[in-house]
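The next block is input.txt, given as compact mmCIF, N, CA and C atoms.
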# COMPACT_ATOMS: atom_id res chain seq x y z
N ASP C 1 -51.47 -35.86 19.25
CA ASP C 1 -52.16 -36.46 20.36
C ASP C 1 -52.75 -37.81 19.99
N ALA C 2 -53.42 -37.86 18.83
CA ALA C 2 -54.08 -39.11 18.42
C ALA C 2 -53.06 -40.23 18.25
N PHE C 3 -51.92 -39.92 17.66
CA PHE C 3 -50.89 -40.95 17.48
C PHE C 3 -50.37 -41.43 18.83
N CYS C 4 -50.05 -40.53 19.72
CA CYS C 4 -49.52 -40.91 21.03
C CYS C 4 -50.52 -41.75 21.82
N ARG C 5 -51.78 -41.36 21.78
CA ARG C 5 -52.81 -42.14 22.49
C ARG C 5 -52.93 -43.54 21.89
N ALA C 6 -52.97 -43.62 20.57
CA ALA C 6 -53.12 -44.92 19.91
C ALA C 6 -51.89 -45.79 20.12
N ALA C 7 -50.71 -45.20 20.10
CA ALA C 7 -49.47 -45.96 20.29
C ALA C 7 -49.43 -46.59 21.67
N ALA C 8 -50.03 -45.94 22.64
CA ALA C 8 -49.99 -46.44 24.02
C ALA C 8 -51.08 -47.48 24.31
N LEU C 9 -52.01 -47.67 23.40
CA LEU C 9 -53.14 -48.57 23.66
C LEU C 9 -52.77 -50.04 23.71
N GLU C 10 -51.89 -50.47 22.84
CA GLU C 10 -51.51 -51.89 22.79
C GLU C 10 -50.04 -52.02 23.10
N PRO C 11 -49.67 -53.09 23.78
CA PRO C 11 -48.25 -53.25 24.12
C PRO C 11 -47.40 -53.47 22.87
N ALA C 12 -46.32 -52.73 22.77
CA ALA C 12 -45.36 -52.87 21.68
C ALA C 12 -44.10 -52.11 22.08
N ASP C 13 -42.99 -52.47 21.46
CA ASP C 13 -41.75 -51.74 21.68
C ASP C 13 -41.70 -50.49 20.80
N LEU C 14 -42.30 -50.61 19.62
CA LEU C 14 -42.20 -49.57 18.61
C LEU C 14 -43.54 -49.43 17.90
N ALA C 15 -43.99 -48.21 17.69
CA ALA C 15 -45.21 -47.95 16.93
C ALA C 15 -44.87 -47.03 15.77
N VAL C 16 -45.50 -47.29 14.63
CA VAL C 16 -45.24 -46.54 13.40
C VAL C 16 -46.56 -45.98 12.89
N GLY C 17 -46.62 -44.67 12.69
CA GLY C 17 -47.83 -44.04 12.17
C GLY C 17 -47.95 -44.24 10.67
N LEU C 18 -49.14 -44.69 10.23
CA LEU C 18 -49.40 -44.95 8.82
C LEU C 18 -50.76 -44.41 8.41
N LEU C 19 -50.89 -44.15 7.12
CA LEU C 19 -52.16 -43.78 6.51
C LEU C 19 -52.47 -44.81 5.44
N ASP C 20 -53.77 -45.07 5.20
CA ASP C 20 -54.09 -45.97 4.11
C ASP C 20 -54.12 -45.17 2.80
N GLU C 21 -53.72 -45.82 1.73
CA GLU C 21 -53.59 -45.16 0.43
C GLU C 21 -54.91 -44.53 -0.03
N ALA C 22 -56.02 -45.23 0.18
CA ALA C 22 -57.31 -44.72 -0.29
C ALA C 22 -57.66 -43.37 0.33
N SER C 23 -57.41 -43.20 1.62
CA SER C 23 -57.77 -41.92 2.27
C SER C 23 -56.88 -40.78 1.78
N VAL C 24 -55.61 -41.08 1.54
CA VAL C 24 -54.70 -40.04 1.04
C VAL C 24 -55.11 -39.63 -0.38
N LYS C 25 -55.38 -40.61 -1.24
CA LYS C 25 -55.76 -40.30 -2.62
C LYS C 25 -57.12 -39.62 -2.70
N ALA C 26 -58.03 -39.96 -1.78
CA ALA C 26 -59.33 -39.31 -1.78
C ALA C 26 -59.19 -37.83 -1.40
N ARG C 27 -58.33 -37.54 -0.45
CA ARG C 27 -58.16 -36.16 0.03
C ARG C 27 -57.27 -35.34 -0.90
N PHE C 28 -56.25 -35.99 -1.49
CA PHE C 28 -55.29 -35.30 -2.35
C PHE C 28 -55.11 -36.07 -3.65
N PRO C 29 -56.11 -36.06 -4.53
CA PRO C 29 -56.06 -36.91 -5.73
C PRO C 29 -54.92 -36.57 -6.71
N ASP C 30 -54.46 -35.34 -6.70
CA ASP C 30 -53.41 -34.95 -7.64
C ASP C 30 -52.00 -35.01 -7.06
N SER C 31 -51.92 -35.36 -5.81
CA SER C 31 -50.63 -35.40 -5.13
C SER C 31 -49.90 -36.71 -5.44
N VAL C 32 -48.60 -36.61 -5.69
CA VAL C 32 -47.79 -37.80 -5.96
C VAL C 32 -47.12 -38.21 -4.65
N ARG C 33 -47.39 -39.42 -4.19
CA ARG C 33 -46.86 -39.94 -2.93
C ARG C 33 -46.30 -41.33 -3.15
N THR C 34 -45.39 -41.73 -2.31
CA THR C 34 -44.85 -43.09 -2.33
C THR C 34 -45.64 -43.93 -1.34
N PHE C 35 -46.19 -45.03 -1.81
CA PHE C 35 -46.95 -45.93 -0.96
C PHE C 35 -46.25 -47.28 -0.89
N TRP C 36 -46.35 -47.89 0.28
CA TRP C 36 -45.88 -49.26 0.48
C TRP C 36 -47.10 -50.13 0.20
N ARG C 37 -47.00 -51.01 -0.79
CA ARG C 37 -48.16 -51.81 -1.18
C ARG C 37 -47.99 -53.26 -0.73
N PHE C 38 -49.05 -53.75 -0.10
CA PHE C 38 -49.08 -55.11 0.42
C PHE C 38 -50.34 -55.81 -0.08
N ARG C 39 -50.48 -57.06 0.26
CA ARG C 39 -51.64 -57.84 -0.15
C ARG C 39 -52.94 -57.16 0.28
N ASP C 40 -52.95 -56.53 1.44
CA ASP C 40 -54.16 -55.93 1.98
C ASP C 40 -54.30 -54.44 1.71
N GLY C 41 -53.46 -53.87 0.86
CA GLY C 41 -53.61 -52.46 0.50
C GLY C 41 -52.30 -51.70 0.51
N GLY C 42 -52.42 -50.41 0.20
CA GLY C 42 -51.26 -49.53 0.18
C GLY C 42 -51.25 -48.63 1.40
N TYR C 43 -50.05 -48.29 1.85
CA TYR C 43 -49.89 -47.49 3.06
C TYR C 43 -48.83 -46.43 2.86
N LYS C 44 -49.02 -45.30 3.52
CA LYS C 44 -48.07 -44.19 3.48
C LYS C 44 -47.53 -43.97 4.88
N ALA C 45 -46.21 -43.95 5.00
CA ALA C 45 -45.59 -43.65 6.28
C ALA C 45 -45.78 -42.17 6.59
N CYS C 46 -45.92 -41.85 7.87
CA CYS C 46 -46.23 -40.48 8.29
C CYS C 46 -45.09 -39.80 9.03
N ASN C 47 -43.93 -40.43 9.11
CA ASN C 47 -42.82 -39.88 9.89
C ASN C 47 -43.20 -39.70 11.35
N LEU C 48 -44.04 -40.60 11.84
CA LEU C 48 -44.40 -40.62 13.26
C LEU C 48 -43.99 -41.97 13.82
N PHE C 49 -43.10 -41.95 14.79
CA PHE C 49 -42.59 -43.17 15.40
C PHE C 49 -42.62 -42.99 16.90
N ALA C 50 -42.96 -44.05 17.59
CA ALA C 50 -42.91 -44.03 19.05
C ALA C 50 -42.00 -45.15 19.50
N LEU C 51 -40.90 -44.80 20.14
CA LEU C 51 -39.99 -45.77 20.73
C LEU C 51 -40.45 -45.94 22.17
N LEU C 52 -41.18 -47.01 22.42
CA LEU C 52 -41.90 -47.15 23.67
C LEU C 52 -41.16 -47.89 24.77
N THR C 53 -40.13 -48.63 24.42
CA THR C 53 -39.36 -49.38 25.41
C THR C 53 -37.88 -49.27 25.05
N PRO C 54 -37.00 -49.58 25.97
CA PRO C 54 -35.56 -49.56 25.65
C PRO C 54 -35.20 -50.50 24.49
N ARG C 55 -35.93 -51.60 24.36
CA ARG C 55 -35.65 -52.53 23.25
C ARG C 55 -35.88 -51.90 21.88
N SER C 56 -36.70 -50.88 21.82
CA SER C 56 -37.00 -50.25 20.53
C SER C 56 -35.78 -49.58 19.90
N ALA C 57 -34.76 -49.31 20.70
CA ALA C 57 -33.55 -48.69 20.17
C ALA C 57 -32.90 -49.56 19.09
N GLU C 58 -33.15 -50.88 19.13
CA GLU C 58 -32.62 -51.78 18.11
C GLU C 58 -33.15 -51.43 16.72
N ALA C 59 -34.31 -50.83 16.68
CA ALA C 59 -34.94 -50.51 15.40
C ALA C 59 -34.32 -49.29 14.73
N ILE C 60 -33.57 -48.49 15.45
CA ILE C 60 -33.04 -47.25 14.89
C ILE C 60 -32.10 -47.50 13.72
N LYS C 61 -31.26 -48.51 13.81
CA LYS C 61 -30.34 -48.82 12.72
C LYS C 61 -31.12 -49.16 11.44
N LEU C 62 -32.11 -49.99 11.58
CA LEU C 62 -32.94 -50.36 10.43
C LEU C 62 -33.69 -49.14 9.92
N TRP C 63 -34.21 -48.33 10.83
CA TRP C 63 -34.95 -47.14 10.43
C TRP C 63 -34.08 -46.19 9.61
N ARG C 64 -32.82 -46.04 9.98
CA ARG C 64 -31.93 -45.15 9.22
C ARG C 64 -31.80 -45.62 7.79
N HIS C 65 -31.66 -46.94 7.59
CA HIS C 65 -31.59 -47.49 6.25
C HIS C 65 -32.91 -47.25 5.51
N ALA C 66 -34.01 -47.48 6.19
CA ALA C 66 -35.32 -47.29 5.57
C ALA C 66 -35.53 -45.83 5.18
N GLU C 67 -35.12 -44.93 6.02
CA GLU C 67 -35.29 -43.50 5.73
C GLU C 67 -34.46 -43.08 4.51
N ARG C 68 -33.23 -43.58 4.43
CA ARG C 68 -32.39 -43.25 3.27
C ARG C 68 -33.00 -43.78 1.97
N ASN C 69 -33.74 -44.86 2.06
CA ASN C 69 -34.29 -45.51 0.87
C ASN C 69 -35.81 -45.46 0.80
N ARG C 70 -36.42 -44.49 1.46
CA ARG C 70 -37.88 -44.46 1.59
C ARG C 70 -38.61 -44.34 0.26
N LYS C 71 -37.96 -43.82 -0.76
CA LYS C 71 -38.59 -43.71 -2.07
C LYS C 71 -38.42 -44.99 -2.89
N LYS C 72 -37.70 -45.96 -2.33
CA LYS C 72 -37.46 -47.25 -3.00
C LYS C 72 -37.79 -48.38 -2.01
N PRO C 73 -39.09 -48.62 -1.78
CA PRO C 73 -39.47 -49.63 -0.79
C PRO C 73 -38.84 -51.00 -1.01
N TRP C 74 -38.58 -51.36 -2.25
CA TRP C 74 -37.97 -52.67 -2.52
C TRP C 74 -36.58 -52.77 -1.92
N LYS C 75 -35.83 -51.66 -1.82
CA LYS C 75 -34.51 -51.69 -1.20
C LYS C 75 -34.62 -51.95 0.30
N VAL C 76 -35.64 -51.38 0.92
CA VAL C 76 -35.84 -51.62 2.34
C VAL C 76 -36.24 -53.09 2.56
N ALA C 77 -37.12 -53.59 1.70
CA ALA C 77 -37.53 -55.00 1.81
C ALA C 77 -36.34 -55.93 1.60
N ALA C 78 -35.42 -55.57 0.72
CA ALA C 78 -34.25 -56.41 0.46
C ALA C 78 -33.39 -56.57 1.70
N LEU C 79 -33.34 -55.56 2.55
CA LEU C 79 -32.57 -55.64 3.79
C LEU C 79 -33.08 -56.77 4.68
N MET C 80 -34.34 -57.10 4.55
CA MET C 80 -34.96 -58.14 5.36
C MET C 80 -34.71 -59.55 4.82
N GLY C 81 -34.06 -59.65 3.68
CA GLY C 81 -33.76 -60.97 3.12
C GLY C 81 -34.48 -61.21 1.81
N PRO C 82 -33.97 -62.16 1.03
CA PRO C 82 -34.55 -62.40 -0.30
C PRO C 82 -36.00 -62.87 -0.26
N GLY C 83 -36.36 -63.66 0.74
CA GLY C 83 -37.75 -64.13 0.84
C GLY C 83 -38.72 -62.99 1.00
N LEU C 84 -38.38 -62.06 1.88
CA LEU C 84 -39.27 -60.92 2.09
C LEU C 84 -39.29 -60.03 0.85
N LEU C 85 -38.15 -59.84 0.22
CA LEU C 85 -38.10 -59.01 -0.99
C LEU C 85 -39.03 -59.58 -2.05
N ILE C 86 -38.94 -60.87 -2.29
CA ILE C 86 -39.78 -61.49 -3.32
C ILE C 86 -41.25 -61.38 -2.94
N SER C 87 -41.59 -61.67 -1.69
CA SER C 87 -42.99 -61.59 -1.30
C SER C 87 -43.49 -60.15 -1.32
N PHE C 88 -42.61 -59.18 -1.05
CA PHE C 88 -43.00 -57.77 -1.13
C PHE C 88 -43.28 -57.39 -2.58
N LEU C 89 -42.37 -57.76 -3.48
CA LEU C 89 -42.55 -57.41 -4.89
C LEU C 89 -43.80 -58.05 -5.47
N LEU C 90 -44.14 -59.23 -5.02
CA LEU C 90 -45.33 -59.93 -5.51
C LEU C 90 -46.58 -59.62 -4.69
N ARG C 91 -46.43 -58.79 -3.66
CA ARG C 91 -47.54 -58.40 -2.77
C ARG C 91 -48.23 -59.62 -2.17
N ARG C 92 -47.44 -60.52 -1.66
CA ARG C 92 -47.99 -61.73 -1.05
C ARG C 92 -48.15 -61.63 0.45
N ARG C 93 -47.64 -60.59 1.06
CA ARG C 93 -47.77 -60.42 2.51
C ARG C 93 -48.66 -59.23 2.82
N SER C 94 -49.33 -59.34 3.95
CA SER C 94 -50.13 -58.22 4.44
C SER C 94 -49.24 -57.30 5.27
N LEU C 95 -49.75 -56.15 5.61
CA LEU C 95 -49.01 -55.24 6.49
C LEU C 95 -48.72 -55.92 7.82
N GLY C 96 -49.71 -56.61 8.37
CA GLY C 96 -49.51 -57.30 9.65
C GLY C 96 -48.42 -58.35 9.58
N GLU C 97 -48.36 -59.08 8.47
CA GLU C 97 -47.31 -60.09 8.30
C GLU C 97 -45.94 -59.44 8.20
N LEU C 98 -45.86 -58.31 7.50
CA LEU C 98 -44.59 -57.59 7.42
C LEU C 98 -44.16 -57.12 8.80
N MET C 99 -45.09 -56.57 9.57
CA MET C 99 -44.74 -56.09 10.91
C MET C 99 -44.26 -57.23 11.79
N ALA C 100 -44.87 -58.40 11.66
CA ALA C 100 -44.43 -59.57 12.44
C ALA C 100 -43.02 -59.97 12.02
N HIS C 101 -42.74 -59.96 10.71
CA HIS C 101 -41.40 -60.30 10.22
C HIS C 101 -40.38 -59.27 10.71
N LEU C 102 -40.74 -58.01 10.60
CA LEU C 102 -39.86 -56.93 11.06
C LEU C 102 -39.57 -57.09 12.55
N SER C 103 -40.59 -57.37 13.32
CA SER C 103 -40.42 -57.55 14.76
C SER C 103 -39.44 -58.67 15.06
N ALA C 104 -39.60 -59.80 14.37
CA ALA C 104 -38.71 -60.95 14.58
C ALA C 104 -37.29 -60.61 14.15
N ARG C 105 -37.16 -59.88 13.06
CA ARG C 105 -35.84 -59.55 12.50
C ARG C 105 -35.03 -58.65 13.42
N ILE C 106 -35.70 -57.69 14.07
CA ILE C 106 -34.95 -56.74 14.90
C ILE C 106 -35.09 -57.01 16.39
N GLY C 107 -35.82 -58.05 16.74
CA GLY C 107 -35.94 -58.43 18.15
C GLY C 107 -36.79 -57.50 18.97
N THR C 108 -37.76 -56.87 18.34
CA THR C 108 -38.69 -55.99 19.05
C THR C 108 -40.11 -56.31 18.59
N THR C 109 -41.06 -55.72 19.24
CA THR C 109 -42.45 -55.83 18.80
C THR C 109 -42.81 -54.49 18.15
N ALA C 110 -42.99 -54.52 16.83
CA ALA C 110 -43.36 -53.31 16.10
C ALA C 110 -44.80 -53.46 15.63
N ARG C 111 -45.54 -52.36 15.69
CA ARG C 111 -46.91 -52.42 15.20
C ARG C 111 -47.30 -51.09 14.55
N PRO C 112 -48.20 -51.19 13.57
CA PRO C 112 -48.66 -49.97 12.92
C PRO C 112 -49.74 -49.27 13.73
N VAL C 113 -49.79 -47.97 13.60
CA VAL C 113 -50.87 -47.17 14.16
C VAL C 113 -51.51 -46.46 12.97
N MET C 114 -52.70 -46.91 12.60
CA MET C 114 -53.39 -46.32 11.46
C MET C 114 -54.03 -45.00 11.91
N LEU C 115 -53.79 -43.97 11.13
CA LEU C 115 -54.26 -42.63 11.49
C LEU C 115 -55.31 -42.14 10.51
N PRO C 116 -56.27 -41.36 10.98
CA PRO C 116 -57.37 -40.89 10.12
C PRO C 116 -57.16 -39.49 9.54
N PHE C 117 -55.92 -39.03 9.48
CA PHE C 117 -55.66 -37.66 9.04
C PHE C 117 -54.79 -37.65 7.78
N PRO C 118 -55.38 -37.70 6.59
CA PRO C 118 -54.57 -37.76 5.37
C PRO C 118 -53.67 -36.53 5.19
N GLU C 119 -53.98 -35.45 5.87
CA GLU C 119 -53.15 -34.24 5.76
C GLU C 119 -51.70 -34.48 6.19
N ILE C 120 -51.48 -35.43 7.08
CA ILE C 120 -50.11 -35.66 7.54
C ILE C 120 -49.26 -36.38 6.50
N ALA C 121 -49.86 -36.73 5.36
CA ALA C 121 -49.08 -37.32 4.27
C ALA C 121 -48.29 -36.26 3.53
N ILE C 122 -48.62 -35.01 3.75
CA ILE C 122 -47.98 -33.92 3.01
C ILE C 122 -46.64 -33.56 3.65
N ASP C 123 -45.58 -33.77 2.89
CA ASP C 123 -44.28 -33.22 3.27
C ASP C 123 -44.23 -31.84 2.62
N VAL C 124 -43.47 -30.96 3.15
CA VAL C 124 -43.40 -29.63 2.55
C VAL C 124 -42.00 -29.38 1.98
N ASP C 125 -41.55 -30.32 1.16
CA ASP C 125 -40.22 -30.18 0.58
C ASP C 125 -40.26 -29.86 -0.92
N ARG C 126 -41.47 -29.68 -1.47
CA ARG C 126 -41.61 -29.27 -2.87
C ARG C 126 -42.66 -28.17 -2.94
N ARG C 127 -42.58 -27.36 -3.96
CA ARG C 127 -43.51 -26.23 -4.09
C ARG C 127 -44.97 -26.69 -4.09
N ALA C 128 -45.27 -27.77 -4.81
CA ALA C 128 -46.65 -28.28 -4.87
C ALA C 128 -47.13 -28.71 -3.49
N ASP C 129 -46.23 -29.26 -2.69
CA ASP C 129 -46.59 -29.69 -1.34
C ASP C 129 -46.88 -28.49 -0.44
N ILE C 130 -46.09 -27.45 -0.59
CA ILE C 130 -46.31 -26.24 0.20
C ILE C 130 -47.67 -25.64 -0.16
N THR C 131 -47.99 -25.62 -1.44
CA THR C 131 -49.29 -25.11 -1.88
C THR C 131 -50.42 -25.94 -1.30
N ALA C 132 -50.27 -27.27 -1.30
CA ALA C 132 -51.30 -28.15 -0.73
C ALA C 132 -51.45 -27.91 0.77
N ALA C 133 -50.34 -27.77 1.47
CA ALA C 133 -50.39 -27.53 2.92
C ALA C 133 -51.05 -26.18 3.22
N GLU C 134 -50.73 -25.17 2.43
CA GLU C 134 -51.35 -23.86 2.62
C GLU C 134 -52.86 -23.93 2.39
N ALA C 135 -53.29 -24.72 1.41
CA ALA C 135 -54.72 -24.87 1.13
C ALA C 135 -55.42 -25.56 2.30
N VAL C 136 -54.80 -26.57 2.88
CA VAL C 136 -55.38 -27.26 4.04
C VAL C 136 -55.53 -26.27 5.20
N LEU C 137 -54.50 -25.48 5.46
CA LEU C 137 -54.56 -24.52 6.56
C LEU C 137 -55.61 -23.44 6.31
N ALA C 138 -55.70 -22.97 5.07
CA ALA C 138 -56.71 -21.96 4.74
C ALA C 138 -58.12 -22.52 4.92
N GLN C 139 -58.33 -23.76 4.52
CA GLN C 139 -59.64 -24.39 4.69
C GLN C 139 -59.99 -24.54 6.17
N ARG C 140 -59.02 -24.92 6.98
CA ARG C 140 -59.27 -25.06 8.42
C ARG C 140 -59.64 -23.71 9.04
N ARG C 141 -58.93 -22.65 8.62
CA ARG C 141 -59.27 -21.32 9.13
C ARG C 141 -60.69 -20.94 8.73
N ALA C 142 -61.06 -21.20 7.48
CA ALA C 142 -62.40 -20.87 7.00
C ALA C 142 -63.46 -21.68 7.74
N ASP C 143 -63.18 -22.95 8.00
CA ASP C 143 -64.14 -23.81 8.70
C ASP C 143 -64.33 -23.41 10.15
N SER C 144 -63.33 -22.79 10.75
CA SER C 144 -63.41 -22.44 12.18
C SER C 144 -64.14 -21.12 12.41
N ARG C 145 -64.47 -20.44 11.37
CA ARG C 145 -65.16 -19.14 11.53
C ARG C 145 -66.64 -19.31 11.65
Any chance you could give the structure as structure tokens?
Amino acid sequence: DAFCRAAALEPADLAVGLLDEASVKARFPDSVRTFWRFRDGGYKACNLFALLTPRSAEAIKLWRHAERNRKKPWKVAALMGPGLLISFLLRRRSLGELMAHLSARIGTTARPVMLPFPEIAIDVDRRADITAAEAVLAQRRADSR
């Protein structure tokens, strides 16, 4: 609900759910996650996307490449051209600057939606992740009593 409401607040063709690195590490200090690091901080993709207009369909091709290479952010940056790759590796761009570049590259308006729920950083594709997810659910049950 929070993502959908936030995605609809500002005009854009495409919205991408993100978490800031600090909140994820504070909540799950022992968890190993891949973060996209920029001049203004690190971010974790949440696998939440909103295709808000017909133009957003242009982003699907790029998204497929990004998803295949999500553990290697430099490969995704390389798709955007050598200038972006170099600035990504040197952390010279902010998240906002990357989103503006991405928008221009694919002909859409893409924007991040920052979310306050570090729990959504947990994928459940490894045993340690399943254990972490079970602990979150157990804590929620205990808190609701």
### Separation of atom C of Thr34 in chain C from atom C of Phe88 in chain C, in Å and rounded to one decimal
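Between atom C of Thr34 in chain C and atom C of Phe88 in chain C the gap is 13.7 Å.
Our summary of the geometry notes that CA of Leu115 in chain C is positioned 24.4 Å from atom N of Arg145 in chain C.
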### Task
Quick one: everything within 7 Å of range 41-43 of chain C, counting only N, CA and C atoms, minus sequence neighbours fewer than 3 positions away in the same chain. Send it as a VMD selection string.
chain C and resid 18 to 22 34 to 38 94 to 95
Writing out the chosen residues with N, CA and C atoms as a PDB file, keeping the file's coordinate frame:
ATOM      1  N   LEU C  18     -49.140 -44.690  10.230  1.00  0.00           N
ATOM      2  CA  LEU C  18     -49.400 -44.950   8.820  1.00  0.00           C
ATOM      3  C   LEU C  18     -50.760 -44.410   8.410  1.00  0.00           C
ATOM      4  N   LEU C  19     -50.890 -44.150   7.120  1.00  0.00           N
ATOM      5  CA  LEU C  19     -52.160 -43.780   6.510  1.00  0.00           C
ATOM      6  C   LEU C  19     -52.470 -44.810   5.440  1.00  0.00           C
ATOM      7  N   ASP C  20     -53.770 -45.070   5.200  1.00  0.00           N
ATOM      8  CA  ASP C  20     -54.090 -45.970   4.110  1.00  0.00           C
ATOM      9  C   ASP C  20     -54.120 -45.170   2.800  1.00  0.00           C
ATOM     10  N   GLU C  21     -53.720 -45.820   1.730  1.00  0.00           N
ATOM     11  CA  GLU C  21     -53.590 -45.160   0.430  1.00  0.00           C
ATOM     12  C   GLU C  21     -54.910 -44.530  -0.030  1.00  0.00           C
ATOM     13  N   ALA C  22     -56.020 -45.230   0.180  1.00  0.00           N
ATOM     14  CA  ALA C  22     -57.310 -44.720  -0.290  1.00  0.00           C
ATOM     15  C   ALA C  22     -57.660 -43.370   0.330  1.00  0.00           C
ATOM     16  N   THR C  34     -45.390 -41.730  -2.310  1.00  0.00           N
ATOM     17  CA  THR C  34     -44.850 -43.090  -2.330  1.00  0.00           C
ATOM     18  C   THR C  34     -45.640 -43.930  -1.340  1.00  0.00           C
ATOM     19  N   PHE C  35     -46.190 -45.030  -1.810  1.00  0.00           N
ATOM     20  CA  PHE C  35     -46.950 -45.930  -0.960  1.00  0.00           C
ATOM     21  C   PHE C  35     -46.250 -47.280  -0.890  1.00  0.00           C
ATOM     22  N   TRP C  36     -46.350 -47.890   0.280  1.00  0.00           N
ATOM     23  CA  TRP C  36     -45.880 -49.260   0.480  1.00  0.00           C
ATOM     24  C   TRP C  36     -47.100 -50.130   0.200  1.00  0.00           C
ATOM     25  N   ARG C  37     -47.000 -51.010  -0.790  1.00  0.00           N
ATOM     26  CA  ARG C  37     -48.160 -51.810  -1.180  1.00  0.00           C
ATOM     27  C   ARG C  37     -47.990 -53.260  -0.730  1.00  0.00           C
ATOM     28  N   PHE C  38     -49.050 -53.750  -0.100  1.00  0.00           N
ATOM     29  CA  PHE C  38     -49.080 -55.110   0.420  1.00  0.00           C
ATOM     30  C   PHE C  38     -50.340 -55.810  -0.080  1.00  0.00           C
ATOM     31  N   SER C  94     -49.330 -59.340   3.950  1.00  0.00           N
ATOM     32  CA  SER C  94     -50.130 -58.220   4.440  1.00  0.00           C
ATOM     33  C   SER C  94     -49.240 -57.300   5.270  1.00  0.00           C
ATOM     34  N   LEU C  95     -49.750 -56.150   5.610  1.00  0.00           N
ATOM     35  CA  LEU C  95     -49.010 -55.240   6.490  1.00  0.00           C
ATOM     36  C   LEU C  95     -48.720 -55.920   7.820  1.00  0.00           C
TER      37      LEU C  95
END
### Query
Expressed in Å to a single decimal, how great is the separation between atom C of Pro116 in chain C and CA of Glu58 in chain C?
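Straight-line distance from atom C of Pro116 in chain C to CA of Glu58 in chain C works out to 28.8 Å.
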Taking every listed atom of range 64-81 of chain C and adding 3 Å to each side, what centre and edge lengths in Å (one decimal) does the axis-aligned box have, as JSON?
{"center_x": -35.5, "center_y": -52.1, "center_z": 3.5, "size_x": 13.9, "size_y": 24.1, "size_z": 19.0}
### Query
So which residues of chain C fall under strand (DSSP E) by DSSP, listed as a PyMOL selection string?
chain C and resi 14-20+36-38+41-51+110-114
### Message
Report as a list in words all protein, DNA and RNA residues lying within 8 Å of range 121-135 of chain C, evaluated on only C-alpha atoms, omitting residues in the same chain fewer than 3 positions from it.
### Response
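So the residues in contact are Leu19, Val24, Ser31, Arg33, Lys44, Ala45, Cys46, Pro118, Ala138 and Gln139 of chain C.
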### Test item, alpha helix (DSSP H) assignment across range 85-130 of chain C, answer as a PyMOL selection string
chain C and resi 85-89+95-106+127-130
### Task
Name all residues at most 8 Å from Arg111 in chain C (count only C-alpha atoms; drop same-chain ones fewer than 4 positions away) and give them as number ranges by chain.
C: 12, 14-16, 96, 99
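Remark: for Ala50 in chain C, the closest of the candidate residues C:Gly17, C:Trp63, C:Asn69, C:Arg93 is C:Gly17 (distances computed over all atoms listed in the file).
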### Contact residues around Ala66 in chain C with all atoms listed in the file at 6 Å, ignoring same-chain residues under 4 positions, as number ranges by chain
C: 62, 70, 76
Save the residues we just selected, N, CA and C atoms, as a JSON list (two decimals), in the coordinates of the input?
[["chain", "number", "residue", "atom", "x", "y", "z"],
["C", 62, "LEU", "N", -32.11, -49.99, 11.58],
["C", 62, "LEU", "CA", -32.94, -50.36, 10.43],
["C", 62, "LEU", "C", -33.69, -49.14, 9.92],
["C", 70, "ARG", "N", -36.42, -44.49, 1.46],
["C", 70, "ARG", "CA", -37.88, -44.46, 1.59],
["C", 70, "ARG", "C", -38.61, -44.34, 0.26],
["C", 76, "VAL", "N", -35.64, -51.38, 0.92],
["C", 76, "VAL", "CA", -35.84, -51.62, 2.34],
["C", 76, "VAL", "C", -36.24, -53.09, 2.56]]
### Task
Name the closest residue to Ile106 in chain C among the candidates C:Leu137, C:Leu85, C:Leu90, C:Ala59; distances are taken between atoms, counting all atoms listed in the file.
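Comparing C:Leu137, C:Leu85, C:Leu90, C:Ala59 against Ile106 in chain C, the winner is C:Ala59.
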